[in-house]
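Undergrad: Sharing data30.txt here; it has compact mmCIF, C-alpha atoms and all ligand atoms.
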```txt
# COMPACT_ATOMS: atom_id res chain seq x y z
CA MET A 1 -17.88 31.94 -33.72
CA ASN A 2 -18.80 29.74 -36.69
CA GLY A 3 -16.68 28.41 -39.52
CA LEU A 4 -18.18 28.07 -42.98
CA TYR A 5 -17.40 25.22 -45.39
CA ILE A 6 -18.63 25.40 -48.99
CA HIS A 7 -18.39 22.28 -51.12
CA LEU A 8 -17.69 22.68 -54.85
CA PRO A 9 -17.90 19.18 -56.36
CA PHE A 10 -16.27 19.87 -59.72
CA CYS A 11 -12.97 18.41 -60.99
CA LEU A 12 -11.29 18.29 -64.39
CA LYS A 13 -10.85 14.53 -64.05
CA LYS A 14 -11.39 11.99 -61.26
CA CYS A 15 -8.13 10.90 -59.62
CA LEU A 16 -7.82 7.12 -59.32
CA TYR A 17 -7.92 7.07 -55.52
CA CYS A 18 -10.60 9.72 -55.01
CA ASP A 19 -13.67 8.97 -52.95
CA PHE A 20 -14.75 12.59 -52.45
CA VAL A 21 -18.05 13.82 -53.82
CA SER A 22 -16.80 15.38 -57.05
CA PHE A 23 -17.70 15.05 -60.71
CA SER A 24 -15.83 15.71 -63.93
CA ASP A 25 -18.86 15.83 -66.23
CA CYS A 26 -21.16 18.32 -64.52
CA PHE A 27 -19.65 21.72 -65.34
CA SER A 28 -22.79 22.74 -67.24
CA LYS A 29 -24.66 22.65 -63.91
CA ALA A 30 -22.17 24.91 -62.16
CA PRO A 31 -24.08 28.23 -62.60
CA VAL A 32 -27.29 26.74 -61.15
CA TYR A 33 -25.29 25.07 -58.39
CA ILE A 34 -23.73 28.40 -57.37
CA ASP A 35 -27.20 30.00 -57.27
CA ALA A 36 -28.39 27.13 -55.05
CA LEU A 37 -25.46 27.75 -52.68
CA ILE A 38 -26.36 31.44 -52.48
CA CYS A 39 -29.95 30.47 -51.78
CA GLU A 40 -28.89 28.03 -49.03
CA MET A 41 -26.85 30.84 -47.42
CA GLN A 42 -30.08 32.70 -46.65
CA GLU A 43 -30.87 30.13 -43.94
CA TYR A 44 -27.86 31.33 -42.00
CA ARG A 45 -27.91 34.98 -43.03
CA GLY A 46 -26.15 37.28 -40.56
CA GLU A 47 -24.15 34.53 -38.79
CA LYS A 48 -20.71 35.58 -37.62
CA LEU A 49 -17.78 33.76 -39.26
CA ASP A 50 -14.09 33.70 -38.47
CA THR A 51 -13.10 31.04 -41.04
CA VAL A 52 -14.39 30.27 -44.52
CA TYR A 53 -13.21 27.28 -46.54
CA PHE A 54 -14.04 26.66 -50.20
CA GLY A 55 -13.29 22.96 -50.70
CA GLY A 56 -14.13 20.22 -53.12
CA GLY A 57 -13.69 18.93 -55.64
CA THR A 58 -11.61 21.67 -57.14
CA PRO A 59 -13.07 25.14 -56.55
CA THR A 60 -10.59 26.66 -59.02
CA SER A 61 -11.81 24.39 -61.81
CA LEU A 62 -14.81 26.72 -61.98
CA PRO A 63 -14.73 29.78 -64.22
CA GLU A 64 -13.37 32.70 -62.18
CA GLU A 65 -16.55 34.75 -62.40
CA LEU A 66 -18.60 31.99 -60.75
CA LEU A 67 -16.21 31.52 -57.84
CA LEU A 68 -15.95 35.31 -57.39
CA LYS A 69 -19.75 35.62 -57.38
CA LEU A 70 -19.87 33.03 -54.61
CA ILE A 71 -17.16 34.74 -52.55
CA CYS A 72 -19.00 38.09 -52.85
CA ALA A 73 -22.21 36.40 -51.69
CA VAL A 74 -20.45 35.11 -48.56
CA PHE A 75 -19.43 38.66 -47.63
CA GLU A 76 -22.93 39.95 -48.37
CA ASN A 77 -24.79 37.31 -46.39
CA PHE A 78 -22.55 36.72 -43.39
CA GLU A 79 -20.77 38.88 -40.89
CA VAL A 80 -17.20 37.91 -41.76
CA LYS A 81 -14.75 38.91 -39.04
CA LYS A 82 -11.93 41.22 -40.04
CA ASN A 83 -8.84 39.07 -40.70
CA ALA A 84 -10.95 35.90 -40.91
CA GLU A 85 -9.06 33.00 -42.50
CA ILE A 86 -10.50 32.50 -45.99
CA THR A 87 -9.15 29.46 -47.82
CA VAL A 88 -9.65 28.22 -51.36
CA GLU A 89 -8.54 24.71 -52.33
CA CYS A 90 -6.93 24.63 -55.71
CA ASN A 91 -5.21 22.18 -57.99
CA PRO A 92 -2.22 22.98 -60.15
CA LYS A 93 -3.35 23.27 -63.77
CA THR A 94 -6.63 24.95 -62.84
CA ALA A 95 -5.41 28.38 -61.74
CA GLY A 96 -2.60 30.77 -62.51
CA LEU A 97 -1.44 34.27 -61.68
CA SER A 98 -4.49 36.18 -62.88
CA TYR A 99 -6.96 33.79 -61.17
CA PHE A 100 -5.00 34.07 -57.91
CA LYS A 101 -4.84 37.87 -58.11
CA ASN A 102 -8.61 38.00 -58.47
CA LEU A 103 -9.10 35.65 -55.51
CA LYS A 104 -6.79 37.84 -53.44
CA ASN A 105 -8.69 40.99 -54.40
CA ALA A 106 -11.95 39.27 -53.46
CA GLY A 107 -10.68 38.70 -49.89
CA VAL A 108 -9.20 35.18 -50.04
CA ASN A 109 -6.05 35.01 -47.89
CA ARG A 110 -5.11 31.32 -47.87
CA LEU A 111 -4.65 28.69 -50.59
CA SER A 112 -4.51 24.96 -50.15
CA ILE A 113 -2.78 23.44 -53.16
CA GLY A 114 -3.23 19.75 -54.00
CA THR A 115 0.35 19.11 -55.05
CA GLN A 116 0.48 15.50 -53.68
CA SER A 117 3.96 14.86 -55.13
CA LEU A 118 6.60 16.61 -57.17
CA ASN A 119 7.46 13.49 -59.13
CA ASP A 120 5.84 13.01 -62.55
CA SER A 121 5.64 9.20 -62.40
CA GLU A 122 3.92 9.33 -59.02
CA LEU A 123 1.46 11.98 -60.21
CA ALA A 124 0.62 9.91 -63.29
CA PHE A 125 0.19 6.81 -61.09
CA LEU A 126 -2.37 8.72 -58.98
CA GLY A 127 -4.22 9.85 -62.10
CA ARG A 128 -3.61 13.52 -61.34
CA VAL A 129 -3.97 15.95 -64.23
CA HIS A 130 -0.94 18.03 -63.29
CA SER A 131 2.81 17.57 -63.59
CA ALA A 132 5.53 18.47 -61.10
CA GLU A 133 6.31 21.59 -63.18
CA ASP A 134 2.62 22.63 -63.04
CA ALA A 135 2.68 22.26 -59.26
CA LYS A 136 5.79 24.40 -58.85
CA LYS A 137 4.47 27.05 -61.23
CA CYS A 138 1.17 27.12 -59.34
CA ILE A 139 2.99 27.73 -56.06
CA LEU A 140 5.13 30.48 -57.59
CA ASP A 141 2.08 32.13 -59.20
CA ALA A 142 0.27 32.05 -55.86
CA LYS A 143 3.22 33.78 -54.24
CA LYS A 144 3.49 36.33 -57.05
CA ALA A 145 -0.18 37.14 -56.53
CA GLY A 146 0.64 37.97 -52.91
CA PHE A 147 -0.39 34.78 -51.06
CA GLU A 148 1.85 33.99 -48.10
CA ASN A 149 -0.44 31.59 -46.29
CA ILE A 150 -0.25 28.47 -48.47
CA ASN A 151 -0.75 24.80 -47.73
CA ALA A 152 0.61 22.05 -49.96
CA ASP A 153 -0.53 18.43 -49.71
CA LEU A 154 1.96 15.58 -49.89
CA MET A 155 0.89 11.97 -50.27
CA PHE A 156 2.86 8.85 -49.42
CA GLY A 157 2.21 5.12 -49.39
CA LEU A 158 2.17 4.44 -53.16
CA GLY A 159 3.88 1.25 -54.21
CA ILE A 160 6.04 3.08 -56.73
CA GLN A 161 7.34 5.56 -54.15
CA THR A 162 10.61 5.23 -52.29
CA LYS A 163 11.66 7.03 -49.16
CA GLU A 164 14.08 9.04 -51.32
CA SER A 165 11.38 10.09 -53.80
CA VAL A 166 8.97 11.21 -51.05
CA LEU A 167 11.69 13.15 -49.25
CA ALA A 168 12.78 14.74 -52.54
CA SER A 169 9.23 16.11 -53.06
CA LEU A 170 9.17 17.26 -49.45
CA ASP A 171 12.53 19.03 -49.80
CA GLU A 172 11.27 20.92 -52.83
CA LEU A 173 8.16 22.06 -50.96
CA ILE A 174 10.32 23.18 -48.06
CA SER A 175 12.66 25.06 -50.39
CA LEU A 176 9.64 26.76 -51.98
CA LYS A 177 8.96 28.13 -48.48
CA ILE A 178 5.46 26.74 -48.11
CA PRO A 179 4.44 27.55 -44.53
CA HIS A 180 1.92 24.70 -44.09
CA ILE A 181 2.32 21.13 -45.29
CA SER A 182 -0.26 18.33 -44.92
CA CYS A 183 1.15 14.83 -45.28
CA TYR A 184 -1.30 12.01 -45.84
CA SER A 185 -0.84 8.33 -46.43
CA LEU A 186 -2.79 6.90 -49.34
CA ILE A 187 -6.03 5.24 -48.23
CA ILE A 188 -7.60 2.79 -50.63
CA GLU A 189 -11.35 3.34 -50.78
CA GLU A 190 -13.52 0.54 -52.06
CA ASN A 191 -15.50 2.46 -54.68
CA THR A 192 -12.56 3.84 -56.59
CA PRO A 193 -10.45 2.52 -59.49
CA PHE A 194 -7.66 1.88 -56.94
CA GLY A 195 -10.14 -0.10 -54.82
CA LYS A 196 -10.97 -2.28 -57.82
CA MET A 197 -7.29 -2.71 -58.73
CA GLU A 198 -6.52 -3.75 -55.17
CA ARG A 199 -9.30 -6.35 -55.15
CA GLU A 200 -7.91 -7.74 -58.40
CA GLY A 201 -4.37 -7.81 -56.99
CA LYS A 202 -3.18 -5.22 -59.53
CA LEU A 203 -2.20 -2.44 -57.14
CA LYS A 204 1.16 -2.42 -55.47
CA LEU A 205 1.14 -0.58 -52.15
CA MET A 206 3.93 0.29 -49.79
CA ASP A 207 4.48 -2.10 -46.91
CA GLU A 208 3.55 -0.83 -43.43
CA ASP A 209 7.09 -0.65 -42.08
CA THR A 210 8.34 1.44 -45.01
CA GLU A 211 5.29 3.70 -44.69
CA ARG A 212 5.94 4.22 -40.98
CA ASP A 213 9.63 4.89 -41.64
CA ILE A 214 8.69 7.50 -44.26
CA TYR A 215 6.18 9.15 -41.91
CA LEU A 216 8.87 9.44 -39.23
CA SER A 217 11.39 10.81 -41.73
CA ILE A 218 8.88 13.39 -42.99
CA SER A 219 8.21 14.54 -39.41
CA LYS A 220 11.89 14.71 -38.61
CA SER A 221 12.69 16.74 -41.70
CA LEU A 222 9.81 19.18 -41.23
CA ILE A 223 10.57 19.74 -37.55
CA LYS A 224 14.26 20.28 -38.37
CA ASN A 225 13.17 22.91 -40.87
CA GLY A 226 11.15 24.89 -38.34
CA TYR A 227 7.65 23.46 -38.81
CA ASN A 228 5.49 22.67 -35.81
CA HIS A 229 3.90 19.24 -35.93
CA TYR A 230 0.53 20.35 -34.59
CA GLU A 231 -1.81 17.61 -35.81
CA ILE A 232 -1.17 13.98 -36.82
CA SER A 233 -0.96 14.87 -40.53
CA ASN A 234 -0.28 18.61 -40.40
CA TYR A 235 2.80 20.80 -39.98
CA ALA A 236 2.96 24.58 -39.90
CA LYS A 237 5.42 27.38 -39.38
CA ASP A 238 4.58 29.71 -36.47
CA GLY A 239 1.38 31.62 -37.18
CA TYR A 240 0.25 29.42 -40.10
CA LEU A 241 -1.76 26.65 -38.49
CA SER A 242 -5.09 26.04 -40.23
CA CYS A 243 -7.73 27.83 -38.15
CA HIS A 244 -10.57 26.26 -40.11
CA ASN A 245 -9.44 22.66 -39.72
CA THR A 246 -8.65 23.28 -36.05
CA LYS A 247 -12.36 23.96 -35.59
CA TYR A 248 -13.10 20.35 -36.59
CA TRP A 249 -10.59 18.95 -34.12
CA LYS A 250 -11.79 21.23 -31.33
CA ARG A 251 -15.47 20.61 -32.00
CA ALA A 252 -16.17 24.26 -32.73
CA PRO A 253 -19.35 24.98 -34.72
CA TYR A 254 -19.31 25.15 -38.50
CA ILE A 255 -21.90 25.52 -41.22
CA GLY A 256 -21.60 23.34 -44.33
CA LEU A 257 -23.14 24.47 -47.61
CA GLY A 258 -23.42 22.48 -50.82
CA ALA A 259 -23.73 18.86 -51.89
CA ALA A 260 -22.59 16.33 -49.28
CA SER A 261 -21.47 19.00 -46.85
CA HIS A 262 -21.71 18.40 -43.11
CA SER A 263 -22.60 20.93 -40.43
CA PHE A 264 -22.11 21.04 -36.69
CA TYR A 265 -24.41 23.86 -35.76
CA GLN A 266 -26.29 24.60 -32.54
CA ASN A 267 -25.06 21.27 -31.17
CA LYS A 268 -26.65 19.33 -34.01
CA ARG A 269 -24.94 17.43 -36.80
CA PHE A 270 -26.52 17.18 -40.24
CA GLN A 271 -25.63 16.57 -43.87
CA ASN A 272 -26.86 17.74 -47.27
CA PRO A 273 -27.75 15.37 -50.13
CA ASP A 274 -24.79 14.03 -52.10
CA GLY A 275 -25.51 14.55 -55.80
CA ILE A 276 -25.40 17.90 -57.60
CA CYS A 277 -28.97 17.61 -58.97
CA GLU A 278 -30.30 16.23 -55.67
CA TYR A 279 -28.75 19.16 -53.86
CA ILE A 280 -30.15 21.74 -56.31
CA ASP A 281 -33.65 20.18 -55.99
CA PHE A 282 -33.29 20.03 -52.23
CA VAL A 283 -32.59 23.77 -52.04
CA LYS A 284 -35.28 24.63 -54.60
CA ASN A 285 -37.90 22.63 -52.68
CA LYS A 286 -36.69 23.83 -49.29
CA GLY A 287 -36.02 20.24 -48.24
CA ARG A 288 -35.59 19.23 -44.64
CA ARG A 289 -32.40 17.69 -43.31
CA THR A 290 -32.33 15.02 -40.69
CA LYS A 291 -30.65 16.61 -37.71
CA GLU A 292 -29.01 14.61 -34.99
CA ILE A 293 -28.66 16.12 -31.58
CA VAL A 294 -25.22 15.10 -30.37
CA SER A 295 -25.69 12.93 -27.29
CA GLN A 296 -23.40 13.49 -24.32
CA ASP A 297 -21.69 10.12 -24.89
CA ASP A 298 -20.97 11.01 -28.52
CA ALA A 299 -19.79 14.48 -27.55
CA ILE A 300 -17.35 12.97 -25.02
CA SER A 301 -15.99 10.48 -27.55
CA GLU A 302 -15.60 13.24 -30.16
CA PHE A 303 -13.86 15.47 -27.63
CA MET A 304 -11.35 12.72 -26.98
CA PHE A 305 -10.54 11.36 -30.42
CA LEU A 306 -10.72 14.65 -32.31
CA GLY A 307 -8.84 16.56 -29.60
CA LEU A 308 -6.10 13.94 -29.33
CA ARG A 309 -5.36 14.37 -33.04
CA MET A 310 -3.79 17.68 -32.04
CA LEU A 311 -0.31 17.23 -30.66
CA SER A 312 -0.93 19.88 -28.00
CA GLY A 313 -3.38 17.34 -26.56
CA ILE A 314 -6.57 17.92 -24.62
CA SER A 315 -7.10 19.92 -21.48
CA LYS A 316 -8.77 18.20 -18.57
CA ASN A 317 -10.05 21.58 -17.36
CA GLU A 318 -11.71 22.23 -20.71
CA PHE A 319 -13.28 18.78 -20.52
CA LYS A 320 -14.67 19.56 -17.06
CA LYS A 321 -15.95 22.96 -18.22
CA GLU A 322 -17.77 21.35 -21.12
CA PHE A 323 -19.19 18.23 -19.44
CA GLY A 324 -19.33 19.15 -15.75
CA PHE A 325 -17.21 16.25 -14.45
CA CYS A 326 -13.60 15.08 -14.55
CA LEU A 327 -12.20 13.21 -17.51
CA ASN A 328 -10.42 10.82 -15.13
CA ASP A 329 -13.79 9.87 -13.61
CA ILE A 330 -14.76 7.99 -16.76
CA PHE A 331 -11.47 7.18 -18.45
CA GLN A 332 -9.05 6.45 -15.58
CA LYS A 333 -8.66 2.79 -16.57
CA GLU A 334 -7.97 3.66 -20.25
CA ILE A 335 -5.55 6.43 -19.30
CA ASN A 336 -3.64 4.14 -16.93
CA GLU A 337 -3.35 1.40 -19.52
CA LEU A 338 -2.40 3.68 -22.40
CA THR A 339 0.18 5.61 -20.37
CA ALA A 340 1.68 2.30 -19.17
CA LEU A 341 2.04 1.31 -22.83
CA ASN A 342 3.72 4.68 -23.53
CA LEU A 343 0.96 5.65 -25.97
CA LEU A 344 -0.38 8.57 -23.93
CA GLU A 345 1.28 11.02 -21.59
CA GLU A 346 -0.32 13.00 -18.80
CA ASN A 347 1.28 16.27 -17.85
CA GLY A 348 -0.73 18.28 -15.31
CA ASP A 349 -3.84 19.48 -17.11
CA ILE A 350 -2.81 18.04 -20.46
CA LEU A 351 -3.29 14.58 -21.92
CA ARG A 352 -1.63 13.88 -25.26
CA LEU A 353 -0.35 11.20 -27.60
CA THR A 354 3.29 10.16 -27.29
CA PRO A 355 5.31 9.69 -30.50
CA ARG A 356 4.50 5.98 -30.18
CA GLY A 357 0.83 6.82 -29.68
CA ILE A 358 0.84 8.91 -32.89
CA ASP A 359 2.03 5.83 -34.71
CA VAL A 360 -0.96 3.77 -33.62
CA SER A 361 -3.40 6.62 -33.05
CA ASN A 362 -6.48 4.72 -34.24
CA GLU A 363 -5.90 2.06 -31.60
CA VAL A 364 -5.73 4.79 -28.96
CA PHE A 365 -8.86 6.59 -30.20
CA ILE A 366 -10.91 3.43 -30.14
CA ARG A 367 -10.38 3.17 -26.39
CA PHE A 368 -12.29 6.42 -25.90
CA LEU A 369 -15.41 5.45 -27.83
CA ILE A 370 -18.34 5.20 -25.48
S1 LIG B 1 -8.66 16.72 -57.51
FE1 LIG B 1 -9.17 16.11 -55.41
S2 LIG B 1 -11.40 16.03 -55.34
FE2 LIG B 1 -10.80 16.11 -57.50
S3 LIG B 1 -10.75 13.99 -58.15
FE3 LIG B 1 -8.67 14.50 -57.51
S4 LIG B 1 -8.57 13.96 -55.32
FE4 LIG B 1 -10.73 14.01 -55.93
```
Do you think you could lay out the structure here as structure tokens?
Ligand code: SF4

TA:
Amino acid sequence: MNGLYIHLPFCLKKCLYCDFVSFSDCFSKAPVYIDALICEMQEYRGEKLDTVYFGGGTPTSLPEELLLKLICAVFENFEVKKNAEITVECNPKTAGLSYFKNLKNAGVNRLSIGTQSLNDSELAFLGRVHSAEDAKKCILDAKKAGFENINADLMFGLGIQTKESVLASLDELISLKIPHISCYSLIIEENTPFGKMEREGKLKLMDEDTERDIYLSISKSLIKNGYNHYEISNYAKDGYLSCHNTKYWKRAPYIGLGAASHSFYQNKRFQNPDGICEYIDFVKNKGRRTKEIVSQDDAISEFMFLGLRMLSGISKNEFKKEFGFCLNDIFQKEINELTALNLLEENGDILRLTPRGIDVSNEVFIRFLI
């Protein structure tokens, strides 16, 4: 069954590290953009969905009526499975109790909240528009509105952070009983204000050893508190793993709608134009996308490096079912070397990263690129 991703590239203000396709000065185009999304849906009308993800940008920075119109259109145009996971990304400061109640009534059952930190200096450093109080209120409002399935993002790696400050934010999220927590290290992207500051030597980042120590402490604390570490950056209580994101790691099909969105559909990968106006014109003029058929070599590499992101690992039987030959036939040398280095472990049908392998996962993944 397909997943559906809808990109809403609107934000109140650009965060200093943000490289996503999102704009803070295009709200006047939002009504036309939503109509273009509904028009693009017609291409896939009747498809069956078991996950829907409204991401961005900040979907909840849109006026409620526009987001609700879009959600209704998804139910009208697709066959959405009963109990499908339907997520909306939101940022504190953009939505409160009444907004959340309306999302809930419209069929949304999961929220992903961009908290990032519960420390005001760190939030200001990142250029976020919200405060720690806003983040906590947002979480409490979401709960009051009846949302149980909530993700909160936590970011680490900022020069001004300490292990204590990161763990203090984490402890607060745990005490707020958030069942899913995503922990990301800050990545400096070239075309961002942080990228410029780094080039000019004006950005202080955390050193690698401290960052690694913090990552290990985060994992330890979350596992101690009953979270399953199920993907390199993601932790969930039983029953709360993200079904939509798991589709990406398992190479399940998904349809992407909106500016800059990607699709993996009928074994082809393709992408929509990036800008809001370009996207609207593209839909209006029924533009054609360049579609890439995924070659077998690419599919094998994706199977390996996406699948190994999940801590449950990959199944050799599933590999054989999908490609018709044994994984060991092509990767025996890599597997031998990586297991000897204690970066991978083989256990019957399963191949997975060791704790040491998680630490240097990119070096492991590179070995499986064909
Ligand atoms: S809220 Fe998210 S998408 Fe928007 S600017 Fe900040 S990081 Fe980027």

Undergrad: Would you mind listing, for every residue of region 148-251 of chain A within 12 Å of region 45-57 of chain A, the two atoms forming the shortest contact and the distance between them in Å to one decimal, using only C-alpha atoms, sorted by chain and ascending residue number, as a tab-separated table?

TA:
```
residue	atom	partner	partner_atom	distance
A:Ser242	CA	A:Thr51	CA	9.5
A:Cys243	CA	A:Thr51	CA	6.9
A:His244	CA	A:Thr51	CA	5.5
A:Asn245	CA	A:Tyr53	CA	9.1
A:Thr246	CA	A:Thr51	CA	10.2
A:Lys247	CA	A:Thr51	CA	9.0
A:Tyr248	CA	A:Thr51	CA	11.6
```

Undergrad: Could you please take those selected residues and save C-alpha atoms as a compact mmCIF listing (two decimals), in the coordinates of the input?

TA:
```txt
# COMPACT_ATOMS: atom_id res chain seq x y z
CA SER A 242 -5.09 26.04 -40.23
CA CYS A 243 -7.73 27.83 -38.15
CA HIS A 244 -10.57 26.26 -40.11
CA ASN A 245 -9.44 22.66 -39.72
CA THR A 246 -8.65 23.28 -36.05
CA LYS A 247 -12.36 23.96 -35.59
CA TYR A 248 -13.10 20.35 -36.59
```

Undergrad: Select, from A:Ser98, A:Ala106, A:Met155, A:Ile38, the residue with the minimum atom-to-atom distance to ligand LIG 1 (chain B), counting all atoms listed in the file.

TA: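 The closest residue to ligand LIG 1 (chain B) is A:Met155.
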
Undergrad: Using all atoms listed in the file for the distances, tell me which of A:Ile34, A:Met197, A:Ile174, A:Leu344 is nearest to Leu70 (chain A).

TA: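 Closest to Leu70 (chain A) of all the choices is A:Ile34.
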
Undergrad: Of the residues A:Tyr227, A:Cys11, A:Ile293, A:Tyr240, which is the one nearest to Phe264 (chain A), using all atoms listed in the file?

TA: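 Closest candidate: A:Ile293.
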
Undergrad: Please measure the separation of CA of Asn234 (chain A) and CA of Glu122 (chain A), giving the value in Å to one decimal.

TA: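 Rounded to one decimal, the two atoms are 21.2 Å apart.
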
Undergrad: Please find the residues contacting ligand LIG 1 (chain B) at a distance of at most 9 Å between atoms, with all atoms listed in the file counted, and report them as a PyMOL selection string.

TA: chain A and resi 9-24+55-58+90-91+114+126-129

Undergrad: List the spatial neighbours of Gly107 (chain A) as a VMD selection string - criterion: any atom at most 9 Å away, all atoms listed in the file, same-chain residues fewer than 3 positions off excluded.

TA: chain A and resid 71 to 72 86 102 to 104

Undergrad: Save the residues we just selected, C-alpha atoms, as an mmCIF file, in the coordinates of the input?

TA:
```cif
data_model
loop_
_atom_site.group_PDB
_atom_site.id
_atom_site.type_symbol
_atom_site.label_atom_id
_atom_site.label_comp_id
_atom_site.auth_asym_id
_atom_site.auth_seq_id
_atom_site.Cartn_x
_atom_site.Cartn_y
_atom_site.Cartn_z
ATOM 1 C CA ILE A 71 -17.160 34.740 -52.550
ATOM 2 C CA CYS A 72 -19.000 38.090 -52.850
ATOM 3 C CA ILE A 86 -10.500 32.500 -45.990
ATOM 4 C CA ASN A 102 -8.610 38.000 -58.470
ATOM 5 C CA LEU A 103 -9.100 35.650 -55.510
ATOM 6 C CA LYS A 104 -6.790 37.840 -53.440
#
```

Undergrad: Closest to Val32 (chain A) among A:Arg199, A:Lys93, A:Lys284, A:Lys220, using all atoms listed in the file?

TA: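 For Val32 (chain A), the nearest of the candidates is A:Lys284.
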
Undergrad: Would you work out the distance separating CA of Tyr265 (chain A) from CA of Glu43 (chain A), expressed in Å to one decimal?

TA: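 These atoms are spaced 12.2 Å apart.
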
Undergrad: Expressed in Å to a single decimal, how great is the separation between CA of Arg212 (chain A) and CA of Leu338 (chain A)?

TA: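 That distance, rounded to one decimal, is 20.4 Å.
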